[in-house]
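S.K.: I have a structure here, written as structure tokens, and I will follow up with some questions on it.
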Amino acid sequence: MKLSARNQLKGKIVEVKKGATTAHVRIDIGGQIVTASITNESADEMGLAPGKTAYAIVKASSVMIGVD
């Protein structure tokens with residue numbers, strides 16, 4: 001599959017927590033955890049499970065940066 005998103009972060013799934021309709025997928029990207037919310041159906045179709053390699057794909061029209 002070809003993607004136009006530039007920010008593709010490879011990591012390992014550490015947790016897949018399913019709710020009523022939405023799954024929260026936690027991916028360890030070099031010691032940092034990224035969490036994605038996707039449908040339970042999508043998580044099942046992709047066979048997401050702890051220990052598997054996955055990509056967090058970030059696509060946005062703008063990125064906001066804040067400082068202390």
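Lettering and numbering for the structure tokens are positional, with chains as A, B, ... in the shown order, residues counted from 1 in each chain, and ligands counted from 1 in the shown order.
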Mind checking which residues fall within 12 Å of Gly19 of chain A, counting only C-alpha atoms, ignoring those fewer than 6 positions away in the same chain, and posting them as a list in words?
M.R.: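 Near Gly19 of chain A, the qualifying residues are Val25, Ser37, Ile38, Thr39, Asn40, Glu41 and Ala43 of chain A.
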S.K.: Run DSSP on the backbone and grab whatever in segment 5-52 of chain A lands in alpha helix (DSSP H); send it over as a list in words.
M.R.: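 Those residues are Asn40, Glu41, Ser42, Ala43, Asp44, Glu45 and Met46 of chain A.
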S.K.: Which value, in Å to one decimal, gives the distance between atom CA of Thr22 of chain A and atom CA of Ile65 of chain A?
M.R.: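 Going from atom CA of Thr22 of chain A over to atom CA of Ile65 of chain A, I get 27.4 Å.
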S.K.: Which neighbours of segment 48-56 of chain A fall inside 9 Å, counting only C-alpha atoms, when residues of the same chain fewer than 3 positions from it are skipped, and could you give them as a list in words?
M.R.: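 Residues meeting the cut-off are Asn7, Gln8, Leu9, Lys10, Gly11, Lys12, Ile13, Val14, Glu15, Val16, Val25, Arg26, Ile27, Ile29, Val34, Thr35, Ala36, Ser42, Ala43, Asp44 and Glu45 of chain A.
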